[in-house]
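This is start_35.json (JSON, C-alpha atoms).
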```json
[["chain", "number", "residue", "atom", "x", "y", "z"],
["D", 802, "MET", "CA", -1.14, -19.50, 13.10],
["D", 803, "THR", "CA", -1.56, -16.02, 11.64],
["D", 804, "SER", "CA", -2.01, -15.22, 7.99],
["D", 805, "PRO", "CA", 0.91, -13.69, 6.10],
["D", 806, "THR", "CA", 0.49, -9.96, 5.50],
["D", 807, "LEU", "CA", 0.43, -8.48, 2.01],
["D", 808, "TYR", "CA", 0.90, -4.78, 1.39],
["D", 809, "LEU", "CA", -0.96, -4.01, -1.83],
["D", 810, "PHE", "CA", -0.11, -0.59, -3.26],
["D", 811, "SER", "CA", -1.55, 1.19, -6.28],
["D", 812, "SER", "CA", -1.21, 4.47, -8.10],
["D", 813, "ALA", "CA", -3.95, 6.46, -9.78],
["D", 814, "ALA", "CA", -4.32, 4.58, -13.04],
["D", 815, "PRO", "CA", -7.31, 2.70, -14.48],
["D", 816, "PRO", "CA", -6.27, -0.74, -13.13],
["D", 817, "VAL", "CA", -6.83, 0.58, -9.59],
["D", 818, "PHE", "CA", -10.56, 0.26, -10.22],
["D", 819, "ASP", "CA", -10.09, -3.53, -10.13],
["D", 820, "VAL", "CA", -8.23, -3.56, -6.79],
["D", 821, "ALA", "CA", -11.24, -4.90, -4.83],
["D", 822, "ARG", "CA", -11.06, -8.13, -6.86],
["D", 823, "VAL", "CA", -7.32, -8.41, -6.20],
["D", 824, "ILE", "CA", -7.91, -7.95, -2.45],
["D", 825, "GLU", "CA", -10.63, -10.61, -2.40],
["D", 826, "GLU", "CA", -8.48, -13.09, -4.35],
["D", 827, "ALA", "CA", -5.49, -12.53, -2.05],
["D", 828, "GLN", "CA", -7.71, -13.02, 1.00],
["D", 829, "ALA", "CA", -9.10, -16.23, -0.52],
["D", 830, "ASP", "CA", -5.48, -17.41, -0.81],
["D", 831, "GLY", "CA", -4.95, -16.75, 2.90],
["D", 832, "TRP", "CA", -3.35, -13.29, 2.88],
["D", 833, "ASP", "CA", -4.09, -10.51, 5.35],
["D", 834, "VAL", "CA", -4.21, -7.51, 2.98],
["D", 835, "CYS", "CA", -3.32, -3.88, 3.71],
["D", 836, "LEU", "CA", -4.21, -1.44, 0.92],
["D", 837, "GLY", "CA", -2.10, 1.65, 0.27],
["D", 838, "LEU", "CA", -2.87, 4.21, -2.41],
["D", 839, "ILE", "CA", -1.45, 7.35, -3.96],
["D", 840, "PRO", "CA", -3.55, 10.34, -2.73],
["D", 841, "THR", "CA", -5.38, 10.71, -6.06],
["D", 842, "ALA", "CA", -6.35, 7.02, -6.08],
["D", 843, "ALA", "CA", -7.48, 7.39, -2.47],
["D", 844, "ARG", "CA", -9.83, 10.19, -3.48],
["D", 845, "TRP", "CA", -11.25, 7.89, -6.15],
["D", 846, "LEU", "CA", -11.67, 4.76, -4.02],
["D", 847, "ALA", "CA", -10.89, 4.95, -0.30],
["D", 848, "ASP", "CA", -14.48, 5.30, 0.88],
["D", 849, "SER", "CA", -15.66, 2.34, -1.20],
["D", 850, "LEU", "CA", -12.74, 0.11, -0.13],
["D", 851, "ASP", "CA", -12.35, 1.00, 3.54],
["D", 852, "GLY", "CA", -12.99, -2.14, 5.57],
["D", 853, "LEU", "CA", -12.67, -4.57, 2.65],
["D", 854, "ALA", "CA", -9.07, -5.35, 3.49],
["D", 855, "GLY", "CA", -9.64, -5.52, 7.25],
["D", 856, "HIS", "CA", -7.27, -2.58, 7.84],
["D", 857, "PRO", "CA", -7.71, 1.13, 7.16],
["D", 858, "VAL", "CA", -6.83, 2.22, 3.64],
["D", 859, "ARG", "CA", -3.68, 4.34, 3.89],
["D", 860, "TRP", "CA", -2.40, 7.12, 1.66],
["D", 861, "ASP", "CA", -0.65, 9.51, 4.00],
["D", 862, "TYR", "CA", 2.01, 9.47, 6.70],
["D", 863, "HIS", "CA", 0.71, 9.15, 10.26],
["D", 864, "LEU", "CA", 1.39, 11.99, 12.65],
["D", 865, "PRO", "CA", 4.32, 11.83, 15.07],
["D", 866, "GLY", "CA", 3.34, 9.82, 18.13],
["D", 867, "GLN", "CA", 0.54, 7.97, 16.35],
["D", 868, "PRO", "CA", 0.96, 4.20, 16.22],
["D", 869, "ASP", "CA", 1.36, 2.38, 12.93],
["D", 870, "VAL", "CA", -1.91, 0.48, 12.58],
["D", 871, "TRP", "CA", -0.70, -2.06, 10.04],
["D", 872, "PRO", "CA", 1.16, -5.28, 10.83],
["D", 873, "LYS", "CA", 4.62, -5.78, 9.30],
["D", 874, "PRO", "CA", 4.44, -7.15, 5.73],
["D", 875, "ASP", "CA", 5.54, -10.53, 4.48],
["D", 876, "ALA", "CA", 5.18, -9.34, 0.86],
["D", 877, "VAL", "CA", 4.71, -6.05, -0.96],
["D", 878, "VAL", "CA", 3.02, -5.74, -4.36],
["D", 879, "VAL", "CA", 3.17, -2.42, -6.18],
["D", 880, "ALA", "CA", 0.96, -1.65, -9.19],
["D", 881, "THR", "CA", 2.12, 1.76, -10.22],
["D", 882, "THR", "CA", 2.69, 4.34, -12.89],
["D", 883, "PHE", "CA", 5.93, 5.45, -14.48],
["D", 884, "ASN", "CA", 5.77, 8.69, -12.49],
["D", 885, "THR", "CA", 5.70, 6.83, -9.18],
["D", 886, "ILE", "CA", 8.50, 4.52, -10.30],
["D", 887, "ASN", "CA", 10.63, 7.58, -11.07],
["D", 888, "GLN", "CA", 9.91, 9.06, -7.64],
["D", 889, "TRP", "CA", 10.80, 5.72, -6.02],
["D", 890, "ALA", "CA", 14.06, 5.48, -7.98],
["D", 891, "LEU", "CA", 15.04, 9.03, -7.06],
["D", 892, "GLY", "CA", 14.04, 8.68, -3.41],
["D", 893, "ILE", "CA", 11.37, 11.40, -3.61],
["D", 894, "THR", "CA", 9.20, 10.28, -0.73],
["D", 895, "ASP", "CA", 6.72, 13.10, -0.30],
["D", 896, "LYS", "CA", 3.99, 10.54, -1.04],
["D", 897, "TRP", "CA", 3.50, 7.97, 1.72],
["D", 898, "LEU", "CA", 3.27, 5.03, -0.69],
["D", 899, "VAL", "CA", 6.63, 5.89, -2.29],
["D", 900, "GLY", "CA", 8.23, 6.25, 1.15],
["D", 901, "VAL", "CA", 7.04, 2.82, 2.29],
["D", 902, "VAL", "CA", 8.13, 1.14, -0.93],
["D", 903, "ALA", "CA", 11.53, 2.84, -0.79],
["D", 904, "ARG", "CA", 11.97, 1.68, 2.79],
["D", 905, "ALA", "CA", 10.90, -1.85, 1.88],
["D", 906, "SER", "CA", 13.39, -2.09, -0.97],
["D", 907, "ALA", "CA", 16.19, -0.64, 1.18],
["D", 908, "ARG", "CA", 15.51, -3.14, 3.96],
["D", 909, "ALA", "CA", 14.86, -6.18, 1.76],
["D", 910, "PRO", "CA", 14.68, -9.07, 2.19],
["D", 911, "SER", "CA", 13.40, -8.48, 5.72],
["D", 912, "TRP", "CA", 11.56, -5.65, 7.45],
["D", 913, "ARG", "CA", 12.65, -6.88, 10.86]]
```
Write out the structure in this file as structure tokens.
Amino acid sequence: MTSPTLYLFSSAAPPVFDVARVIEEAQADGWDVCLGLIPTAARWLADSLDGLAGHPVRWDYHLPGQPDVWPKPDAVVVATTFNTINQWALGITDKWLVGVVARASARAPSWR
């Protein structure tokens, strides 16, 4: 049996500095965690968190023809700022994280 997959997303706000603890607690509860960040948060943390979740930390769209390296999610958790919420609500998907969350909410309750 495989573990359920959790997409954990965060914007560039002070709580993002505690994301390693959140990843570890989710893993202890049996989740396979994929971490996605806003580009600014990625500059702050990606190097220190890469490998912790077992998948590459993502913050940008992959190039055409490149495979998606993450498994499909069973749950998505978004810890974000008001700015990102506004972009999500308006469908402004120039940031990868906003695009994935918009797609997830449009396809809810299932990605499949």
| task | For the point (-10.8, -7.1, 3.5) in the file's frame, write as a ChimeraX atom specification all residues with an atom no more than 7 Å away, counting all atoms listed in the file. | result | /D:824-825,834,852-855
| query | Any idea what's packed within 12 Å of range 859-869 of chain D, counting only C-alpha atoms, ignoring anything in its chain fewer than 5 positions away? Could you give it as an NGL selection string? | reply | :D and (808-813 or 834-848 or 850-852 or 854 or 894-901)
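Taking CA of Leu807 in chain D and CA of Pro872 in chain D as endpoints, the distance between them is 9.4 Å.
Rounded to one decimal, CA of Ile886 in chain D and CA of Ala905 in chain D lie 14.0 Å from each other.
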| task | Work out how far apart CA of Ala829 in chain D and CA of Val878 in chain D are and give it in Å to one decimal. | result | 16.5 Å
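Comparing the minimum interatomic distances between Gly831 in chain D and each of D:Thr881, D:Ser804, D:Asn887, D:Ser849, counting all atoms listed in the file, we find that D:Ser804 sits nearest.
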| message | List as a ChimeraX atom specification the residues having at least one atom at most 7 Å from position (4.9, -5.1, 6.9) as given in the file, counting all atoms listed in the file. | response | /D:806,808,872-875,912
All heavy atoms modelled onto range 822-833 of chain D, as a compact mmCIF listing (two decimals), in the coordinates of the input:
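Final file, result_27.txt:
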```
# COMPACT_ATOMS: atom_id res chain seq x y z
N ARG D 822 -11.17 -6.72 -6.44
CA ARG D 822 -11.06 -8.13 -6.86
C ARG D 822 -9.72 -8.71 -6.43
O ARG D 822 -9.65 -9.84 -5.94
CB ARG D 822 -11.24 -8.26 -8.37
CG ARG D 822 -11.13 -9.70 -8.87
CD ARG D 822 -11.16 -9.77 -10.40
NE ARG D 822 -10.10 -8.99 -11.02
CZ ARG D 822 -8.84 -9.40 -11.16
NH1 ARG D 822 -8.46 -10.58 -10.68
NH2 ARG D 822 -7.93 -8.63 -11.75
N VAL D 823 -8.66 -7.94 -6.58
CA VAL D 823 -7.32 -8.41 -6.20
C VAL D 823 -7.28 -8.67 -4.69
O VAL D 823 -6.75 -9.68 -4.23
CB VAL D 823 -6.24 -7.40 -6.62
CG1 VAL D 823 -4.87 -7.82 -6.13
CG2 VAL D 823 -6.26 -7.22 -8.14
N ILE D 824 -7.86 -7.77 -3.91
CA ILE D 824 -7.91 -7.95 -2.45
C ILE D 824 -8.65 -9.23 -2.11
O ILE D 824 -8.18 -10.05 -1.31
CB ILE D 824 -8.57 -6.74 -1.77
CG1 ILE D 824 -7.68 -5.51 -1.90
CG2 ILE D 824 -8.87 -7.04 -0.30
CD1 ILE D 824 -8.37 -4.21 -1.49
N GLU D 825 -9.82 -9.42 -2.70
CA GLU D 825 -10.63 -10.61 -2.40
C GLU D 825 -9.91 -11.90 -2.79
O GLU D 825 -9.97 -12.90 -2.06
CB GLU D 825 -11.98 -10.50 -3.11
CG GLU D 825 -12.85 -9.41 -2.50
CD GLU D 825 -14.05 -9.04 -3.35
OE1 GLU D 825 -14.12 -9.46 -4.54
OE2 GLU D 825 -14.93 -8.32 -2.83
N GLU D 826 -9.21 -11.90 -3.93
CA GLU D 826 -8.48 -13.09 -4.35
C GLU D 826 -7.30 -13.37 -3.42
O GLU D 826 -7.04 -14.53 -3.08
CB GLU D 826 -8.01 -12.95 -5.80
CG GLU D 826 -9.15 -13.03 -6.79
CD GLU D 826 -8.71 -12.86 -8.23
OE1 GLU D 826 -7.48 -12.76 -8.50
OE2 GLU D 826 -9.59 -12.81 -9.11
N ALA D 827 -6.60 -12.34 -2.99
CA ALA D 827 -5.49 -12.53 -2.05
C ALA D 827 -6.01 -13.06 -0.72
O ALA D 827 -5.41 -13.97 -0.12
CB ALA D 827 -4.74 -11.22 -1.85
N GLN D 828 -7.13 -12.53 -0.25
CA GLN D 828 -7.71 -13.02 1.00
C GLN D 828 -8.15 -14.48 0.86
O GLN D 828 -7.96 -15.27 1.79
CB GLN D 828 -8.91 -12.15 1.40
CG GLN D 828 -8.49 -10.77 1.87
CD GLN D 828 -9.66 -9.83 2.06
OE1 GLN D 828 -10.68 -9.93 1.36
NE2 GLN D 828 -9.50 -8.89 2.98
N ALA D 829 -8.69 -14.84 -0.29
CA ALA D 829 -9.10 -16.23 -0.52
C ALA D 829 -7.89 -17.16 -0.51
O ALA D 829 -8.02 -18.34 -0.15
CB ALA D 829 -9.84 -16.35 -1.86
N ASP D 830 -6.72 -16.63 -0.85
CA ASP D 830 -5.48 -17.41 -0.81
C ASP D 830 -4.80 -17.37 0.55
O ASP D 830 -3.68 -17.85 0.70
CB ASP D 830 -4.51 -16.92 -1.89
CG ASP D 830 -4.93 -17.34 -3.30
OD1 ASP D 830 -5.73 -18.29 -3.43
OD2 ASP D 830 -4.46 -16.71 -4.26
N GLY D 831 -5.46 -16.73 1.54
CA GLY D 831 -4.95 -16.75 2.90
C GLY D 831 -4.14 -15.54 3.33
O GLY D 831 -3.54 -15.56 4.40
N TRP D 832 -4.11 -14.49 2.53
CA TRP D 832 -3.35 -13.29 2.88
C TRP D 832 -4.18 -12.31 3.70
O TRP D 832 -5.37 -12.15 3.46
CB TRP D 832 -2.89 -12.57 1.61
CG TRP D 832 -1.82 -13.27 0.87
CD1 TRP D 832 -1.97 -14.17 -0.16
CD2 TRP D 832 -0.41 -13.18 1.10
NE1 TRP D 832 -0.76 -14.63 -0.58
CE2 TRP D 832 0.23 -14.04 0.17
CE3 TRP D 832 0.37 -12.46 1.99
CZ2 TRP D 832 1.60 -14.18 0.11
CZ3 TRP D 832 1.75 -12.60 1.93
CH2 TRP D 832 2.35 -13.45 1.00
N ASP D 833 -3.54 -11.66 4.64
CA ASP D 833 -4.09 -10.51 5.35
C ASP D 833 -3.63 -9.29 4.56
O ASP D 833 -2.44 -9.03 4.46
CB ASP D 833 -3.54 -10.48 6.78
CG ASP D 833 -4.05 -9.31 7.59
OD1 ASP D 833 -5.13 -8.78 7.27
OD2 ASP D 833 -3.36 -8.92 8.55
```
